[in-house]
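Remarks on the structure that follows.
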Amino acid sequence: MKNLIEVRRDLHKIPEIGFEEVKTQRYLLTYLTQLPQAYLQVVTWKTGIVVKIQGSNPTKCIGWRTDIDALPVFEETALDFRSEHEGFMHACGHDCHMAIALGLVTAFAKSRPAQDVVVYFQPAEEGPGGAEPMLEWLRSEQPQLVADEIYALHIAPEYPVGTVATKPGLLFANTSELFIDLKGVGGHAAFPHKTRDMTVAAANLIVQLQTIISRNVNPLDSAVITIGKMTSGTVQNVIAENARLEGTIRTLSAEAMTEVKRRIEAICAGIEAAFECSVSIDYGSMYYEVNNDERCANALLEFAREFDGAVSYECPAAMTGEDFGYFIKEIPGAMFWAGANCEYGLHQAKLAPDEALIPFNQQFVEQFIRSL
């Protein structure tokens with residue numbers, strides 16, 4: 001069989017976005033069929049996979065979750081194994097996550113753990129969100145595959161390989177996508193008085209949205225509104241009839257998310273009145289905060305302190321979003337940052353994690369799960 005770094009490179013070549021991970025699922029299933037099958041149960045859900053390994057003396061079921069989707073990013077690395085799907089890239093490290101998860105299944109299939117272990121290969125983490133519907137399906141259709149406690153990791157480019165960084169309680173923020181469409185009246189550039197210009201309206205809206213965090217959110221709380229994309233108009237001498245803003249909201253509390261959305265809606269109503277246009281809001285995918293169970297997070301940190309080569313670090317909360325939050329909303333568990341030692345950050349087109357993180361974290365997580 002291929003080693004885990006070769007597996008990661010194979011997966012890096014075939015990035016696919018949420019619920020379109022057809023080649024990825026096929027690759028994962030082909031790999032799994034090559035393992036000893038005596039204690040394995042493999043079940044598919046949409047483009048995801050659930051693998052259960054029967055323990056030798058189980059008293060509980062331990063879950064491990066990996067995400068399998070990619071991002072619509074044009075890769076700008078010079079890697080020999082760069083993306084073969086133009087316009088798509090594993091720019092968030094999910095290829096590394098999958099390789100680690102396959103390494104866990106391989107180790108447990110060859111040498112059974114004491115506890116039952118379930119490994120979830122979850123689609124659509126980047127959007128529209130696979131964790132919540134996958135968990136709903138598990139509870140209704142496959143309750144024997146629901147773990148008693150669950151863990152996951154996410155690569156962190158800013159930390160050296162070997163870093164295990166987490167904390168009890170809130171680790172990642174509540175998140176929501178944000179799409180705002182404005183519709184006015186287009187027309188000839190020479191006759192602006194006969195139009196309702198949506199480029200101007202959208203520009204004003206962007207500026208006003210930036211006042212929400214500074215003037216409506218408690219300074220002792222934290223929140224972010226980022227507009228990452230604006231589109232309007234079709235040509236230089238035609239006033240735009242339509243405009244669209246695309247962005248994201250991040251908050252450390254559910255209360256702040258409610259307040260931010262209330263203010264967005266109020267400001268949009270004001271734009272409608274001021275520019276005599278219509279404005280519609282779509283919040284898209286919304287992810288629940290990653291709130292680590294205290295016992296589970298401390299168990300990871302304590303195990304890392306004794307694990308050769310690991311650096312245990314209790315880190316601050318981050319505005320990062322992760323739909324793993326839906327799993328640990330229902331099941332005790334924890335996620336940790338795994339050092340990836342890269343100068344480029346998550347979602348960047350030049351992200352190239354240090355592949356040494358793969359064997360290190362496979363061994364760390366395997367031994368951690370065996371200790372539970």
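Each chain in the structure tokens gets a letter, A, B and so on, in the order shown; residues start at 1 in every chain, and ligands are counted from 1 in the order they appear.
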TODO: Do a neighbour search on segment 185-200 of chain A at 6 Å with only C-alpha atoms, toss out local chain neighbours closer than 5 positions, and write the hits as a PyMOL selection string.
DONE: chain A and resi 232+237-243
Could you turn the residues from that selection into a file that holds C-alpha atoms, as a PDB file, in the first residue's frame?
ATOM      1  CA  SER A 232     -21.906  45.121 -10.121  1.00  0.00           C
ATOM      2  CA  ASN A 237     -20.866  53.198 -19.852  1.00  0.00           C
ATOM      3  CA  VAL A 238     -23.944  51.506 -18.384  1.00  0.00           C
ATOM      4  CA  ILE A 239     -25.148  52.281 -14.872  1.00  0.00           C
ATOM      5  CA  ALA A 240     -25.541  49.083 -12.886  1.00  0.00           C
ATOM      6  CA  GLU A 241     -29.030  47.738 -12.282  1.00  0.00           C
ATOM      7  CA  ASN A 242     -27.775  45.010  -9.941  1.00  0.00           C
ATOM      8  CA  ALA A 243     -25.044  44.532  -7.367  1.00  0.00           C
TER       9      ALA A 243
END
Open item on the list: List the spatial neighbours of segment 245-248 of chain A as a list of chain:residue names - criterion: any atom at most 7 Å away, only C-alpha atoms, same-chain residues fewer than 3 positions off excluded.
Closed with: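 Answer for this query is A:Ser176, A:Glu177, A:Leu178, A:Phe179, A:Ile180, A:Asp181, A:Ile225, A:Thr226, A:Ile227, A:Gly228, A:Lys229, A:Met230, A:Thr231.
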Store the residues of this selection in a file with all heavy atoms, as a CSV table (one decimal), in the first residue's frame.
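Final output, part_29.csv:
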chain,number,residue,atom,x,y,z
A,176,SER,N,-21.4,32.7,9.9
A,176,SER,CA,-22.5,32.7,8.9
A,176,SER,C,-22.0,33.3,7.6
A,176,SER,O,-21.2,34.3,7.6
A,176,SER,CB,-23.7,33.5,9.5
A,176,SER,OG,-24.7,33.6,8.5
A,177,GLU,N,-22.4,32.7,6.5
A,177,GLU,CA,-22.1,33.3,5.2
A,177,GLU,C,-23.1,34.5,5.1
A,177,GLU,O,-24.1,34.6,5.8
A,177,GLU,CB,-22.4,32.3,4.1
A,177,GLU,CG,-21.4,31.2,4.1
A,177,GLU,CD,-21.7,30.2,3.0
A,177,GLU,OE1,-22.9,30.0,2.6
A,177,GLU,OE2,-20.8,29.5,2.5
A,178,LEU,N,-22.7,35.4,4.2
A,178,LEU,CA,-23.6,36.6,4.0
A,178,LEU,C,-23.6,37.0,2.5
A,178,LEU,O,-22.6,37.2,1.9
A,178,LEU,CB,-23.0,37.8,4.8
A,178,LEU,CG,-23.7,39.1,4.6
A,178,LEU,CD1,-25.2,39.1,5.1
A,178,LEU,CD2,-23.0,40.3,5.3
A,179,PHE,N,-24.8,36.9,1.9
A,179,PHE,CA,-25.0,37.3,0.5
A,179,PHE,C,-26.1,38.4,0.5
A,179,PHE,O,-27.2,38.2,1.0
A,179,PHE,CB,-25.4,36.1,-0.3
A,179,PHE,CG,-24.4,35.0,-0.2
A,179,PHE,CD1,-24.7,33.9,0.6
A,179,PHE,CD2,-23.3,34.9,-1.0
A,179,PHE,CE1,-23.8,32.8,0.7
A,179,PHE,CE2,-22.4,33.9,-0.9
A,179,PHE,CZ,-22.7,32.8,-0.1
A,180,ILE,N,-25.8,39.5,-0.1
A,180,ILE,CA,-26.7,40.6,-0.2
A,180,ILE,C,-26.8,41.0,-1.7
A,180,ILE,O,-25.9,41.4,-2.3
A,180,ILE,CB,-26.3,41.8,0.6
A,180,ILE,CG1,-26.0,41.5,2.1
A,180,ILE,CG2,-27.3,43.0,0.5
A,180,ILE,CD1,-25.5,42.6,3.0
A,181,ASP,N,-28.1,41.0,-2.2
A,181,ASP,CA,-28.4,41.4,-3.6
A,181,ASP,C,-29.1,42.7,-3.6
A,181,ASP,O,-30.2,42.8,-2.9
A,181,ASP,CB,-29.1,40.3,-4.3
A,181,ASP,CG,-28.3,39.1,-4.6
A,181,ASP,OD1,-27.4,39.1,-5.5
A,181,ASP,OD2,-28.5,38.0,-3.9
A,225,ILE,N,-17.2,41.3,10.5
A,225,ILE,CA,-17.9,41.2,9.2
A,225,ILE,C,-16.9,41.5,8.1
A,225,ILE,O,-16.3,42.6,8.1
A,225,ILE,CB,-19.1,42.3,9.1
A,225,ILE,CG1,-20.1,42.1,10.2
A,225,ILE,CG2,-19.8,42.2,7.8
A,225,ILE,CD1,-21.2,43.2,10.3
A,226,THR,N,-16.8,40.6,7.2
A,226,THR,CA,-15.9,40.7,6.1
A,226,THR,C,-16.7,40.6,4.8
A,226,THR,O,-17.4,39.6,4.6
A,226,THR,CB,-14.7,39.7,6.1
A,226,THR,OG1,-13.9,39.9,7.2
A,226,THR,CG2,-13.9,39.8,4.8
A,227,ILE,N,-16.6,41.6,3.9
A,227,ILE,CA,-17.1,41.5,2.6
A,227,ILE,C,-16.0,41.2,1.6
A,227,ILE,O,-15.1,42.0,1.4
A,227,ILE,CB,-17.8,42.8,2.1
A,227,ILE,CG1,-18.9,43.2,3.1
A,227,ILE,CG2,-18.3,42.7,0.7
A,227,ILE,CD1,-20.1,42.2,3.2
A,228,GLY,N,-15.9,39.9,1.2
A,228,GLY,CA,-14.8,39.5,0.4
A,228,GLY,C,-15.0,39.7,-1.1
A,228,GLY,O,-14.0,39.6,-1.9
A,229,LYS,N,-16.2,39.9,-1.6
A,229,LYS,CA,-16.5,40.0,-3.0
A,229,LYS,C,-17.6,41.0,-3.3
A,229,LYS,O,-18.6,40.9,-2.6
A,229,LYS,CB,-16.8,38.6,-3.6
A,229,LYS,CG,-17.1,38.6,-5.1
A,229,LYS,CD,-17.4,37.2,-5.6
A,229,LYS,CE,-17.6,37.2,-7.1
A,229,LYS,NZ,-17.9,35.8,-7.5
A,230,MET,N,-17.5,41.8,-4.3
A,230,MET,CA,-18.5,42.7,-4.7
A,230,MET,C,-18.6,42.7,-6.2
A,230,MET,O,-17.6,42.8,-6.9
A,230,MET,CB,-18.3,44.2,-4.3
A,230,MET,CG,-19.3,45.2,-4.9
A,230,MET,SD,-18.9,46.9,-4.4
A,230,MET,CE,-20.0,47.8,-5.5
A,231,THR,N,-19.8,42.5,-6.8
A,231,THR,CA,-19.9,42.5,-8.2
A,231,THR,C,-21.1,43.4,-8.6
A,231,THR,O,-22.1,43.5,-7.9
A,231,THR,CB,-20.3,41.1,-8.8
A,231,THR,OG1,-21.4,40.6,-8.1
A,231,THR,CG2,-19.1,40.1,-8.6
Open item on the list: Just list as a list in words whatever in segment 261-311 of chain A DSSP marks as helix (DSSP H, G or I).
Closed with: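 Checking each residue of segment 261-311 of chain A, the helix (DSSP H, G or I) ones are Lys261, Arg262, Arg263, Ile264, Glu265, Ala266, Ile267, Cys268, Ala269, Gly270, Ile271, Glu272, Ala273, Ala274, Phe275, Glu294, Arg295, Cys296, Ala297, Asn298, Ala299, Leu300, Leu301, Glu302, Phe303, Ala304, Arg305 and Glu306 of chain A.
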Write a file of the just-selected residues containing N, CA, C and O atoms, as a short mmCIF file (atom, residue, chain, number, x, y, z; two decimals), in the first residue's frame.
data_model
loop_
_atom_site.label_atom_id
_atom_site.label_comp_id
_atom_site.auth_asym_id
_atom_site.auth_seq_id
_atom_site.Cartn_x
_atom_site.Cartn_y
_atom_site.Cartn_z
N LYS A 261 -26.79 40.45 12.89
CA LYS A 261 -27.77 40.24 11.83
C LYS A 261 -28.92 41.25 11.92
O LYS A 261 -29.43 41.72 10.89
N ARG A 262 -29.31 41.60 13.12
CA ARG A 262 -30.36 42.61 13.28
C ARG A 262 -29.93 43.93 12.67
O ARG A 262 -30.70 44.59 11.96
N ARG A 263 -28.69 44.31 12.92
CA ARG A 263 -28.19 45.57 12.38
C ARG A 263 -28.00 45.51 10.87
O ARG A 263 -28.24 46.50 10.16
N ILE A 264 -27.55 44.38 10.34
CA ILE A 264 -27.43 44.23 8.89
C ILE A 264 -28.79 44.47 8.23
O ILE A 264 -28.91 45.20 7.24
N GLU A 265 -29.82 43.87 8.80
CA GLU A 265 -31.15 44.00 8.23
C GLU A 265 -31.66 45.44 8.33
O GLU A 265 -32.30 45.95 7.39
N ALA A 266 -31.37 46.12 9.43
CA ALA A 266 -31.79 47.51 9.58
C ALA A 266 -31.08 48.41 8.58
O ALA A 266 -31.70 49.31 7.97
N ILE A 267 -29.78 48.20 8.41
CA ILE A 267 -29.02 49.03 7.47
C ILE A 267 -29.47 48.78 6.04
O ILE A 267 -29.60 49.72 5.24
N CYS A 268 -29.75 47.53 5.70
CA CYS A 268 -30.25 47.22 4.36
C CYS A 268 -31.60 47.89 4.09
O CYS A 268 -31.87 48.36 2.99
N ALA A 269 -32.45 47.95 5.12
CA ALA A 269 -33.73 48.65 4.98
C ALA A 269 -33.50 50.13 4.72
O ALA A 269 -34.20 50.77 3.91
N GLY A 270 -32.49 50.69 5.38
CA GLY A 270 -32.14 52.09 5.15
C GLY A 270 -31.62 52.33 3.74
O GLY A 270 -31.92 53.36 3.11
N ILE A 271 -30.83 51.39 3.21
CA ILE A 271 -30.33 51.50 1.84
C ILE A 271 -31.49 51.46 0.85
O ILE A 271 -31.52 52.22 -0.14
N GLU A 272 -32.46 50.59 1.11
CA GLU A 272 -33.64 50.53 0.25
C GLU A 272 -34.32 51.89 0.17
O GLU A 272 -34.70 52.37 -0.91
N ALA A 273 -34.50 52.52 1.33
CA ALA A 273 -35.17 53.82 1.36
C ALA A 273 -34.32 54.92 0.72
O ALA A 273 -34.83 55.75 -0.05
N ALA A 274 -33.04 54.92 1.03
CA ALA A 274 -32.18 55.99 0.55
C ALA A 274 -31.93 55.94 -0.95
O ALA A 274 -31.83 56.99 -1.61
N PHE A 275 -31.84 54.74 -1.51
CA PHE A 275 -31.49 54.59 -2.93
C PHE A 275 -32.65 54.09 -3.78
O PHE A 275 -32.46 53.79 -4.96
N GLU A 294 -14.55 20.24 28.30
CA GLU A 294 -13.39 20.48 29.16
C GLU A 294 -12.57 19.21 29.38
O GLU A 294 -11.34 19.22 29.29
N ARG A 295 -13.25 18.12 29.69
CA ARG A 295 -12.53 16.87 29.96
C ARG A 295 -11.78 16.40 28.71
O ARG A 295 -10.61 16.00 28.79
N CYS A 296 -12.43 16.47 27.55
CA CYS A 296 -11.82 15.99 26.31
C CYS A 296 -10.63 16.86 25.89
O CYS A 296 -9.59 16.35 25.48
N ALA A 297 -10.79 18.18 26.00
CA ALA A 297 -9.70 19.08 25.64
C ALA A 297 -8.50 18.90 26.56
O ALA A 297 -7.35 18.85 26.11
N ASN A 298 -8.77 18.78 27.85
CA ASN A 298 -7.67 18.58 28.80
C ASN A 298 -6.98 17.24 28.60
O ASN A 298 -5.76 17.12 28.78
N ALA A 299 -7.75 16.23 28.19
CA ALA A 299 -7.15 14.92 27.91
C ALA A 299 -6.16 15.02 26.75
O ALA A 299 -5.07 14.43 26.80
N LEU A 300 -6.51 15.77 25.70
CA LEU A 300 -5.60 15.97 24.58
C LEU A 300 -4.33 16.69 25.03
O LEU A 300 -3.21 16.28 24.69
N LEU A 301 -4.50 17.76 25.78
CA LEU A 301 -3.35 18.55 26.22
C LEU A 301 -2.43 17.72 27.13
O LEU A 301 -1.20 17.77 27.01
N GLU A 302 -3.03 16.97 28.05
CA GLU A 302 -2.23 16.16 28.97
C GLU A 302 -1.49 15.05 28.23
O GLU A 302 -0.32 14.77 28.52
N PHE A 303 -2.15 14.42 27.27
CA PHE A 303 -1.49 13.36 26.51
C PHE A 303 -0.33 13.93 25.69
O PHE A 303 0.74 13.32 25.60
N ALA A 304 -0.55 15.12 25.12
CA ALA A 304 0.51 15.75 24.32
C ALA A 304 1.74 16.09 25.16
O ALA A 304 2.87 16.04 24.67
N ARG A 305 1.53 16.44 26.43
CA ARG A 305 2.66 16.77 27.30
C ARG A 305 3.61 15.59 27.47
O ARG A 305 4.81 15.78 27.71
N GLU A 306 3.08 14.39 27.36
CA GLU A 306 3.89 13.20 27.58
C GLU A 306 4.30 12.51 26.28
O GLU A 306 5.08 11.56 26.30
#
Neighbours of segment 162-167 of chain A within 7 Å (only C-alpha atoms; same-chain residues fewer than 4 positions away dropped), as a PDB file with N, CA, C and O atoms, in the first residue's frame?
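Output file part-v2.pdb follows:
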ATOM      1  N   LEU A 171     -13.350  27.371  21.169  1.00  0.00           N
ATOM      2  CA  LEU A 171     -12.124  27.362  20.359  1.00  0.00           C
ATOM      3  C   LEU A 171     -12.319  28.139  19.073  1.00  0.00           C
ATOM      4  O   LEU A 171     -11.476  28.947  18.688  1.00  0.00           O
ATOM      5  N   ALA A 297     -10.793  18.179  26.003  1.00  0.00           N
ATOM      6  CA  ALA A 297      -9.697  19.076  25.636  1.00  0.00           C
ATOM      7  C   ALA A 297      -8.502  18.898  26.564  1.00  0.00           C
ATOM      8  O   ALA A 297      -7.345  18.851  26.113  1.00  0.00           O
ATOM      9  N   ALA A 304      -0.546  15.125  25.115  1.00  0.00           N
ATOM     10  CA  ALA A 304       0.505  15.754  24.317  1.00  0.00           C
ATOM     11  C   ALA A 304       1.735  16.088  25.162  1.00  0.00           C
ATOM     12  O   ALA A 304       2.866  16.038  24.669  1.00  0.00           O
ATOM     13  N   GLY A 309       8.025  14.369  21.141  1.00  0.00           N
ATOM     14  CA  GLY A 309       8.025  15.263  19.992  1.00  0.00           C
ATOM     15  C   GLY A 309       6.884  16.245  19.945  1.00  0.00           C
ATOM     16  O   GLY A 309       6.877  17.153  19.108  1.00  0.00           O
ATOM     17  N   ALA A 310       5.915  16.095  20.838  1.00  0.00           N
ATOM     18  CA  ALA A 310       4.764  16.998  20.848  1.00  0.00           C
ATOM     19  C   ALA A 310       5.021  18.206  21.736  1.00  0.00           C
ATOM     20  O   ALA A 310       5.747  18.124  22.727  1.00  0.00           O
ATOM     21  N   VAL A 311       4.404  19.323  21.348  1.00  0.00           N
ATOM     22  CA  VAL A 311       4.411  20.527  22.164  1.00  0.00           C
ATOM     23  C   VAL A 311       2.963  20.848  22.486  1.00  0.00           C
ATOM     24  O   VAL A 311       2.166  21.137  21.592  1.00  0.00           O
ATOM     25  N   SER A 312       2.613  20.774  23.747  1.00  0.00           N
ATOM     26  CA  SER A 312       1.248  21.024  24.191  1.00  0.00           C
ATOM     27  C   SER A 312       1.073  22.509  24.440  1.00  0.00           C
ATOM     28  O   SER A 312       1.851  23.118  25.174  1.00  0.00           O
ATOM     29  N   TYR A 313       0.046  23.110  23.826  1.00  0.00           N
ATOM     30  CA  TYR A 313      -0.129  24.561  23.916  1.00  0.00           C
ATOM     31  C   TYR A 313      -1.601  24.888  24.099  1.00  0.00           C
ATOM     32  O   TYR A 313      -2.432  24.513  23.270  1.00  0.00           O
ATOM     33  N   GLU A 314      -1.936  25.562  25.183  1.00  0.00           N
ATOM     34  CA  GLU A 314      -3.306  26.020  25.387  1.00  0.00           C
ATOM     35  C   GLU A 314      -3.446  27.367  24.687  1.00  0.00           C
ATOM     36  O   GLU A 314      -2.917  28.379  25.142  1.00  0.00           O
ATOM     37  N   CYS A 315      -4.148  27.361  23.566  1.00  0.00           N
ATOM     38  CA  CYS A 315      -4.194  28.508  22.671  1.00  0.00           C
ATOM     39  C   CYS A 315      -5.428  29.372  22.926  1.00  0.00           C
ATOM     40  O   CYS A 315      -6.385  28.925  23.569  1.00  0.00           O
ATOM     41  N   MET A 335     -11.522  19.529  19.434  1.00  0.00           N
ATOM     42  CA  MET A 335     -10.688  19.687  18.246  1.00  0.00           C
ATOM     43  C   MET A 335      -9.379  20.358  18.666  1.00  0.00           C
ATOM     44  O   MET A 335      -9.357  21.123  19.637  1.00  0.00           O
ATOM     45  N   PHE A 336      -8.306  20.069  17.933  1.00  0.00           N
ATOM     46  CA  PHE A 336      -7.048  20.758  18.211  1.00  0.00           C
ATOM     47  C   PHE A 336      -6.401  21.225  16.916  1.00  0.00           C
ATOM     48  O   PHE A 336      -6.651  20.677  15.837  1.00  0.00           O
ATOM     49  N   TRP A 337      -5.605  22.282  17.044  1.00  0.00           N
ATOM     50  CA  TRP A 337      -4.764  22.757  15.949  1.00  0.00           C
ATOM     51  C   TRP A 337      -3.520  21.871  15.877  1.00  0.00           C
ATOM     52  O   TRP A 337      -2.844  21.670  16.878  1.00  0.00           O
ATOM     53  N   ALA A 338      -3.186  21.402  14.685  1.00  0.00           N
ATOM     54  CA  ALA A 338      -1.982  20.598  14.462  1.00  0.00           C
ATOM     55  C   ALA A 338      -0.986  21.419  13.658  1.00  0.00           C
ATOM     56  O   ALA A 338      -1.278  21.849  12.531  1.00  0.00           O
ATOM     57  N   GLY A 339       0.186  21.662  14.215  1.00  0.00           N
ATOM     58  CA  GLY A 339       1.180  22.491  13.555  1.00  0.00           C
ATOM     59  C   GLY A 339       1.527  21.994  12.163  1.00  0.00           C
ATOM     60  O   GLY A 339       1.726  20.790  11.952  1.00  0.00           O
ATOM     61  N   LEU A 357       3.833  16.617   9.235  1.00  0.00           N
ATOM     62  CA  LEU A 357       2.699  16.631  10.163  1.00  0.00           C
ATOM     63  C   LEU A 357       1.846  15.385  10.030  1.00  0.00           C
ATOM     64  O   LEU A 357       1.150  15.000  10.980  1.00  0.00           O
ATOM     65  N   PHE A 360       3.384  12.273  12.002  1.00  0.00           N
ATOM     66  CA  PHE A 360       3.408  12.644  13.417  1.00  0.00           C
ATOM     67  C   PHE A 360       2.013  12.596  14.012  1.00  0.00           C
ATOM     68  O   PHE A 360       1.789  11.986  15.069  1.00  0.00           O
TER      69      PHE A 360
END
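Here the question is which of A:Ile150, A:Met319, A:Thr33, A:Gly127 gets nearest to Ser222 of chain A using only C-alpha atoms, and that residue is A:Met319.
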